[in-house]
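Heads up, model.cif below (mmCIF, N, CA and C atoms):
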data_structure
#
loop_
_atom_site.label_atom_id
_atom_site.label_comp_id
_atom_site.auth_asym_id
_atom_site.auth_seq_id
_atom_site.Cartn_x
_atom_site.Cartn_y
_atom_site.Cartn_z
N GLN Y 1 96.24 47.80 102.23
CA GLN Y 1 95.55 47.14 103.34
C GLN Y 1 96.02 45.69 103.40
N VAL Y 2 96.44 45.27 104.59
CA VAL Y 2 96.92 43.91 104.77
C VAL Y 2 95.73 42.97 104.95
N GLN Y 3 95.73 41.89 104.18
CA GLN Y 3 94.69 40.87 104.31
C GLN Y 3 95.35 39.50 104.42
N LEU Y 4 94.77 38.63 105.23
CA LEU Y 4 95.25 37.27 105.40
C LEU Y 4 94.14 36.30 105.02
N GLN Y 5 94.53 35.18 104.44
CA GLN Y 5 93.58 34.14 104.08
C GLN Y 5 94.19 32.79 104.37
N GLU Y 6 93.47 31.98 105.14
CA GLU Y 6 93.92 30.63 105.44
C GLU Y 6 93.39 29.64 104.42
N PHE Y 7 94.17 28.59 104.18
CA PHE Y 7 93.78 27.51 103.27
C PHE Y 7 94.15 26.19 103.91
N GLY Y 8 93.52 25.11 103.44
CA GLY Y 8 93.98 23.78 103.80
C GLY Y 8 93.17 23.04 104.84
N GLY Y 9 92.14 23.67 105.38
CA GLY Y 9 91.33 22.97 106.36
C GLY Y 9 90.53 21.85 105.72
N GLY Y 10 89.95 21.02 106.55
CA GLY Y 10 89.14 19.93 106.05
C GLY Y 10 88.86 18.92 107.12
N SER Y 11 88.39 17.76 106.71
CA SER Y 11 88.07 16.69 107.64
C SER Y 11 89.08 15.57 107.48
N VAL Y 12 89.57 15.07 108.61
CA VAL Y 12 90.60 14.03 108.59
C VAL Y 12 90.34 13.08 109.75
N GLN Y 13 90.75 11.84 109.58
CA GLN Y 13 90.60 10.87 110.67
C GLN Y 13 91.68 11.07 111.72
N ALA Y 14 91.37 10.66 112.91
CA ALA Y 14 92.35 10.74 114.00
C ALA Y 14 93.63 10.02 113.60
N GLY Y 15 94.76 10.63 113.93
CA GLY Y 15 96.05 10.11 113.55
C GLY Y 15 96.56 10.64 112.23
N GLY Y 16 95.69 11.32 111.50
CA GLY Y 16 96.07 11.85 110.21
C GLY Y 16 96.78 13.18 110.29
N SER Y 17 97.04 13.76 109.12
CA SER Y 17 97.80 15.00 109.03
C SER Y 17 97.11 15.98 108.08
N LEU Y 18 97.37 17.24 108.30
CA LEU Y 18 96.93 18.31 107.41
C LEU Y 18 98.00 19.39 107.42
N THR Y 19 98.08 20.13 106.32
CA THR Y 19 98.95 21.30 106.31
C THR Y 19 98.10 22.52 105.95
N LEU Y 20 98.09 23.47 106.85
CA LEU Y 20 97.39 24.72 106.63
C LEU Y 20 98.37 25.76 106.10
N SER Y 21 97.87 26.64 105.28
CA SER Y 21 98.69 27.75 104.80
C SER Y 21 97.95 29.07 105.00
N CYS Y 22 98.72 30.12 105.10
CA CYS Y 22 98.17 31.45 105.31
C CYS Y 22 98.90 32.40 104.38
N VAL Y 23 98.15 33.04 103.53
CA VAL Y 23 98.74 33.94 102.53
C VAL Y 23 98.40 35.39 102.87
N ILE Y 24 99.42 36.23 102.83
CA ILE Y 24 99.24 37.65 103.10
C ILE Y 24 99.24 38.42 101.79
N THR Y 25 98.28 39.30 101.63
CA THR Y 25 98.27 40.21 100.49
C THR Y 25 98.17 41.65 101.00
N GLY Y 26 98.71 42.55 100.19
CA GLY Y 26 98.68 43.95 100.59
C GLY Y 26 99.77 44.27 101.58
N GLY Y 27 99.85 45.50 101.98
CA GLY Y 27 100.87 45.92 102.92
C GLY Y 27 102.18 46.20 102.21
N SER Y 28 102.99 47.03 102.82
CA SER Y 28 104.23 47.45 102.17
C SER Y 28 105.44 46.67 102.67
N ASP Y 29 105.33 46.01 103.78
CA ASP Y 29 106.47 45.30 104.35
C ASP Y 29 106.18 43.82 104.52
N ASN Y 30 107.25 43.05 104.52
CA ASN Y 30 107.09 41.65 104.87
C ASN Y 30 106.67 41.55 106.33
N GLN Y 31 105.90 40.55 106.63
CA GLN Y 31 105.44 40.37 107.99
C GLN Y 31 106.42 39.47 108.73
N ARG Y 32 107.27 40.08 109.51
CA ARG Y 32 108.32 39.30 110.16
C ARG Y 32 107.78 38.28 111.15
N CYS Y 33 106.65 38.57 111.75
CA CYS Y 33 106.09 37.65 112.75
C CYS Y 33 104.73 37.17 112.29
N MET Y 34 104.54 35.85 112.31
CA MET Y 34 103.25 35.26 112.00
C MET Y 34 102.93 34.22 113.06
N ALA Y 35 101.65 33.99 113.26
CA ALA Y 35 101.24 33.07 114.31
C ALA Y 35 99.97 32.35 113.89
N TRP Y 36 99.69 31.27 114.61
CA TRP Y 36 98.47 30.49 114.42
C TRP Y 36 97.75 30.33 115.75
N TYR Y 37 96.45 30.40 115.68
CA TYR Y 37 95.56 30.22 116.82
C TYR Y 37 94.46 29.23 116.40
N ARG Y 38 93.72 28.75 117.38
CA ARG Y 38 92.53 27.97 117.06
C ARG Y 38 91.46 28.24 118.12
N GLN Y 39 90.22 28.01 117.69
CA GLN Y 39 89.10 28.18 118.60
C GLN Y 39 88.12 27.03 118.38
N ALA Y 40 87.94 26.24 119.41
CA ALA Y 40 86.98 25.14 119.38
C ALA Y 40 85.61 25.65 119.82
N PRO Y 41 84.55 24.96 119.44
CA PRO Y 41 83.21 25.41 119.81
C PRO Y 41 83.06 25.56 121.32
N GLY Y 42 82.57 26.71 121.73
CA GLY Y 42 82.34 26.96 123.15
C GLY Y 42 83.58 27.25 123.96
N LYS Y 43 84.73 27.40 123.29
CA LYS Y 43 85.97 27.64 124.02
C LYS Y 43 86.62 28.92 123.54
N GLU Y 44 87.59 29.39 124.32
CA GLU Y 44 88.31 30.59 123.94
C GLU Y 44 89.33 30.29 122.84
N ARG Y 45 89.74 31.35 122.16
CA ARG Y 45 90.77 31.19 121.15
C ARG Y 45 92.12 30.96 121.83
N ASP Y 46 92.84 29.94 121.40
CA ASP Y 46 94.13 29.58 121.98
C ASP Y 46 95.25 29.80 120.99
N TRP Y 47 96.34 30.32 121.48
CA TRP Y 47 97.56 30.46 120.68
C TRP Y 47 98.20 29.10 120.50
N LEU Y 48 98.70 28.82 119.29
CA LEU Y 48 99.33 27.54 119.00
C LEU Y 48 100.83 27.67 118.75
N ALA Y 49 101.20 28.61 117.89
CA ALA Y 49 102.60 28.70 117.48
C ALA Y 49 102.86 30.05 116.85
N SER Y 50 104.12 30.46 116.92
CA SER Y 50 104.56 31.71 116.29
C SER Y 50 105.89 31.47 115.59
N ILE Y 51 106.13 32.28 114.57
CA ILE Y 51 107.42 32.24 113.89
C ILE Y 51 107.85 33.66 113.60
N TYR Y 52 109.13 33.95 113.85
CA TYR Y 52 109.67 35.27 113.65
C TYR Y 52 110.83 35.20 112.68
N ASN Y 53 110.77 36.07 111.68
CA ASN Y 53 111.86 36.18 110.72
C ASN Y 53 112.19 34.85 110.05
N ALA Y 54 111.18 34.03 109.89
CA ALA Y 54 111.26 32.75 109.17
C ALA Y 54 112.11 31.70 109.84
N ASP Y 55 112.67 31.98 111.04
CA ASP Y 55 113.52 30.95 111.63
C ASP Y 55 113.37 30.77 113.14
N THR Y 56 112.77 31.66 113.83
CA THR Y 56 112.62 31.53 115.28
C THR Y 56 111.18 31.14 115.59
N THR Y 57 111.01 29.97 116.19
CA THR Y 57 109.67 29.45 116.42
C THR Y 57 109.40 29.22 117.90
N SER Y 58 108.13 29.24 118.26
CA SER Y 58 107.70 28.89 119.61
C SER Y 58 106.34 28.22 119.50
N TYR Y 59 106.05 27.31 120.46
CA TYR Y 59 104.86 26.50 120.41
C TYR Y 59 104.17 26.42 121.77
N ALA Y 60 102.86 26.26 121.73
CA ALA Y 60 102.13 25.95 122.95
C ALA Y 60 102.46 24.52 123.35
N PRO Y 61 102.55 24.23 124.63
CA PRO Y 61 102.89 22.87 125.06
C PRO Y 61 101.93 21.81 124.51
N SER Y 62 100.69 22.18 124.31
CA SER Y 62 99.70 21.20 123.87
C SER Y 62 99.93 20.70 122.45
N VAL Y 63 100.69 21.44 121.66
CA VAL Y 63 100.90 21.03 120.26
C VAL Y 63 102.36 20.82 119.91
N LYS Y 64 103.26 21.13 120.83
CA LYS Y 64 104.69 20.98 120.54
C LYS Y 64 105.00 19.52 120.25
N GLY Y 65 105.71 19.29 119.15
CA GLY Y 65 106.02 17.93 118.74
C GLY Y 65 105.03 17.36 117.74
N ARG Y 66 103.84 17.94 117.66
CA ARG Y 66 102.85 17.48 116.69
C ARG Y 66 102.62 18.50 115.58
N PHE Y 67 102.72 19.77 115.90
CA PHE Y 67 102.50 20.83 114.92
C PHE Y 67 103.83 21.51 114.61
N THR Y 68 103.99 21.92 113.35
CA THR Y 68 105.20 22.61 112.94
C THR Y 68 104.83 23.86 112.15
N ILE Y 69 105.34 25.00 112.58
CA ILE Y 69 105.10 26.25 111.88
C ILE Y 69 106.29 26.59 111.02
N SER Y 70 106.03 27.15 109.86
CA SER Y 70 107.11 27.58 108.99
C SER Y 70 106.64 28.81 108.20
N GLN Y 71 107.58 29.45 107.57
CA GLN Y 71 107.28 30.67 106.82
C GLN Y 71 108.16 30.69 105.59
N ASP Y 72 107.63 31.10 104.46
CA ASP Y 72 108.48 31.11 103.27
C ASP Y 72 109.41 32.32 103.29
N SER Y 73 110.38 32.30 102.40
CA SER Y 73 111.43 33.32 102.42
C SER Y 73 110.89 34.72 102.15
N SER Y 74 109.77 34.81 101.46
CA SER Y 74 109.20 36.14 101.19
C SER Y 74 108.48 36.69 102.41
N LYS Y 75 108.24 35.82 103.40
CA LYS Y 75 107.52 36.19 104.61
C LYS Y 75 106.09 36.63 104.30
N LYS Y 76 105.57 36.11 103.19
CA LYS Y 76 104.20 36.41 102.83
C LYS Y 76 103.28 35.20 103.01
N THR Y 77 103.85 34.05 103.34
CA THR Y 77 103.07 32.84 103.54
C THR Y 77 103.61 32.09 104.75
N SER Y 78 102.72 31.66 105.60
CA SER Y 78 103.13 30.77 106.69
C SER Y 78 102.36 29.47 106.55
N TYR Y 79 102.94 28.43 107.14
CA TYR Y 79 102.35 27.11 107.09
C TYR Y 79 102.25 26.56 108.50
N LEU Y 80 101.25 25.75 108.73
CA LEU Y 80 101.15 25.02 109.98
C LEU Y 80 100.87 23.57 109.63
N GLN Y 81 101.88 22.73 109.86
CA GLN Y 81 101.74 21.30 109.59
C GLN Y 81 101.19 20.63 110.84
N LEU Y 82 100.08 19.95 110.69
CA LEU Y 82 99.42 19.28 111.80
C LEU Y 82 99.59 17.78 111.64
N LYS Y 83 100.15 17.13 112.65
CA LYS Y 83 100.36 15.69 112.60
C LYS Y 83 99.71 15.02 113.80
N MET Y 84 99.52 13.73 113.69
CA MET Y 84 98.95 12.92 114.79
C MET Y 84 97.70 13.61 115.34
N LEU Y 85 96.82 13.99 114.46
CA LEU Y 85 95.65 14.76 114.86
C LEU Y 85 94.72 13.94 115.74
N LYS Y 86 94.09 14.64 116.69
CA LYS Y 86 93.16 14.04 117.64
C LYS Y 86 91.80 14.71 117.49
N PRO Y 87 90.74 14.05 117.89
CA PRO Y 87 89.43 14.70 117.82
C PRO Y 87 89.38 16.05 118.54
N GLU Y 88 90.15 16.18 119.61
CA GLU Y 88 90.15 17.45 120.34
C GLU Y 88 90.89 18.57 119.60
N ASP Y 89 91.51 18.25 118.49
CA ASP Y 89 92.11 19.29 117.65
C ASP Y 89 91.07 19.95 116.74
N THR Y 90 89.86 19.44 116.75
CA THR Y 90 88.79 20.03 115.95
C THR Y 90 88.55 21.46 116.38
N ALA Y 91 88.63 22.39 115.43
CA ALA Y 91 88.49 23.81 115.73
C ALA Y 91 88.57 24.61 114.44
N ILE Y 92 88.32 25.89 114.56
CA ILE Y 92 88.64 26.81 113.48
C ILE Y 92 90.05 27.33 113.73
N TYR Y 93 90.88 27.25 112.72
CA TYR Y 93 92.27 27.65 112.84
C TYR Y 93 92.45 29.01 112.15
N TYR Y 94 93.10 29.92 112.85
CA TYR Y 94 93.30 31.28 112.37
C TYR Y 94 94.78 31.61 112.29
N CYS Y 95 95.15 32.36 111.29
CA CYS Y 95 96.53 32.88 111.26
C CYS Y 95 96.50 34.38 111.52
N THR Y 96 97.61 34.86 112.03
CA THR Y 96 97.77 36.28 112.30
C THR Y 96 99.17 36.70 111.86
N ALA Y 97 99.36 37.99 111.74
CA ALA Y 97 100.66 38.50 111.32
C ALA Y 97 100.80 39.95 111.74
N GLY Y 98 102.04 40.44 111.67
CA GLY Y 98 102.26 41.85 111.96
C GLY Y 98 103.42 42.06 112.90
N PRO Y 99 103.75 43.30 113.14
CA PRO Y 99 104.88 43.60 114.02
C PRO Y 99 104.73 42.98 115.42
N GLY Y 100 103.50 42.90 115.88
CA GLY Y 100 103.23 42.29 117.17
C GLY Y 100 102.70 40.87 117.06
N CYS Y 101 102.85 40.27 115.89
CA CYS Y 101 102.40 38.91 115.58
C CYS Y 101 100.90 38.79 115.37
N ALA Y 102 100.11 39.68 115.91
CA ALA Y 102 98.66 39.53 115.82
C ALA Y 102 97.97 40.83 115.45
N ASN Y 103 98.65 41.64 114.66
CA ASN Y 103 98.06 42.91 114.25
C ASN Y 103 96.97 42.70 113.21
N TYR Y 104 97.13 41.66 112.39
CA TYR Y 104 96.18 41.35 111.33
C TYR Y 104 95.78 39.89 111.46
N GLY Y 105 94.53 39.55 111.06
CA GLY Y 105 94.08 38.19 111.18
C GLY Y 105 93.22 37.78 109.99
N GLY Y 106 93.19 36.46 109.75
CA GLY Y 106 92.37 35.93 108.68
C GLY Y 106 91.02 35.44 109.19
N PRO Y 107 90.14 35.01 108.30
CA PRO Y 107 88.80 34.58 108.68
C PRO Y 107 88.76 33.18 109.27
N GLY Y 108 89.84 32.41 109.11
CA GLY Y 108 89.89 31.08 109.69
C GLY Y 108 89.55 29.98 108.70
N THR Y 109 89.99 28.76 109.04
CA THR Y 109 89.68 27.58 108.26
C THR Y 109 89.33 26.44 109.22
N GLN Y 110 88.29 25.70 108.89
CA GLN Y 110 87.80 24.66 109.79
C GLN Y 110 88.61 23.38 109.63
N VAL Y 111 89.01 22.83 110.76
CA VAL Y 111 89.65 21.51 110.80
C VAL Y 111 88.77 20.61 111.66
N THR Y 112 88.38 19.49 111.10
CA THR Y 112 87.55 18.53 111.82
C THR Y 112 88.26 17.19 111.85
N VAL Y 113 88.45 16.66 113.04
CA VAL Y 113 89.14 15.37 113.21
C VAL Y 113 88.12 14.37 113.73
N THR Y 114 87.92 13.31 112.96
CA THR Y 114 86.94 12.29 113.33
C THR Y 114 87.62 11.08 113.95
N SER Y 115 86.93 10.45 114.87
CA SER Y 115 87.52 9.29 115.54
C SER Y 115 87.16 7.99 114.82
#

Rendering of file as structure tokens:
Amino acid sequence: QVQLQEFGGGSVQAGGSLTLSCVITGGSDNQRCMAWYRQAPGKERDWLASIYNADTTSYAPSVKGRFTISQDSSKKTSYLQLKMLKPEDTAIYYCTAGPGCANYGGPGTQVTVTS
């Protein structure tokens, strides 16, 4: 059974940085595609970034240039580096993985950005 767990959330001041990680356990294959989403209070879950085969990335316009997605060579861990954080980045951040990028998901990690 494939399970995902996010790490690295916390509280940071505006302009600061955080690095989130997502670890996959279980499953028989490496997860070629991994992605990150976030959901702010009272809002829908938004896609942020995806990475395929550890080298092909794509980003939502709202975070391009500030967030960086990466994946380790085992394809069992992905990272989301958050820079120049703003209060509006406050949300629960979720990672997903799988053949369709979102077949499996983690419980999320809270990121709070204070002004």

* To do: Give as an NGL selection string the residues that the PyMOL selection byres (((chain Y and resi 60-67 and name CA) around 6) and name CA) matches when applied to the coordinates above.
  => :Y and (48 or 59 or 68 or 81-83)

* **Within 6.5 Å of Y:Ala97 using only N, CA and C atoms, minus same-chain residues under 5 positions, as a ChimeraX atom specification** => /Y:31,33-35,102-105

* To verify the selection step, state as a ChimeraX atom specification which residues the PyMOL selection byres ((chain Y and resi 78) around 6.5) yields on this input. => /Y:20-24,70-72,75-77,79-80

* Picked residues, the PyMOL selection byres ((chain Y and resi 89) around 6.5), as a PyMOL selection string -> chain Y and resi 85-88+90-91+111-113

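The gap separating atom CA of Y:Glu44 from atom CA of Y:Tyr93 is 12.1 Å, in Å to one decimal.
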
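The coordinates place atom N of Y:Met84 at 7.8 Å from atom CA of Y:Ala14.
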
* Asked: In stretch 4-107 of chain Y, what's strand (DSSP E) per DSSP? Answer as a PyMOL selection string?
  -> chain Y and resi 4-7+10-13+18-25+33-39+45-52+56-59+67-71+77-82+91-97+104-105

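The gap separating atom CA of Y:Cys95 from atom CA of Y:Gly9 is 12.2 Å, in Å to one decimal.
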
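Proximity of Y:Ser58, Y:Tyr52, Y:Thr19, Y:Gln1 to Y:Gly100, computed with only C-alpha atoms, is greatest for Y:Tyr52.
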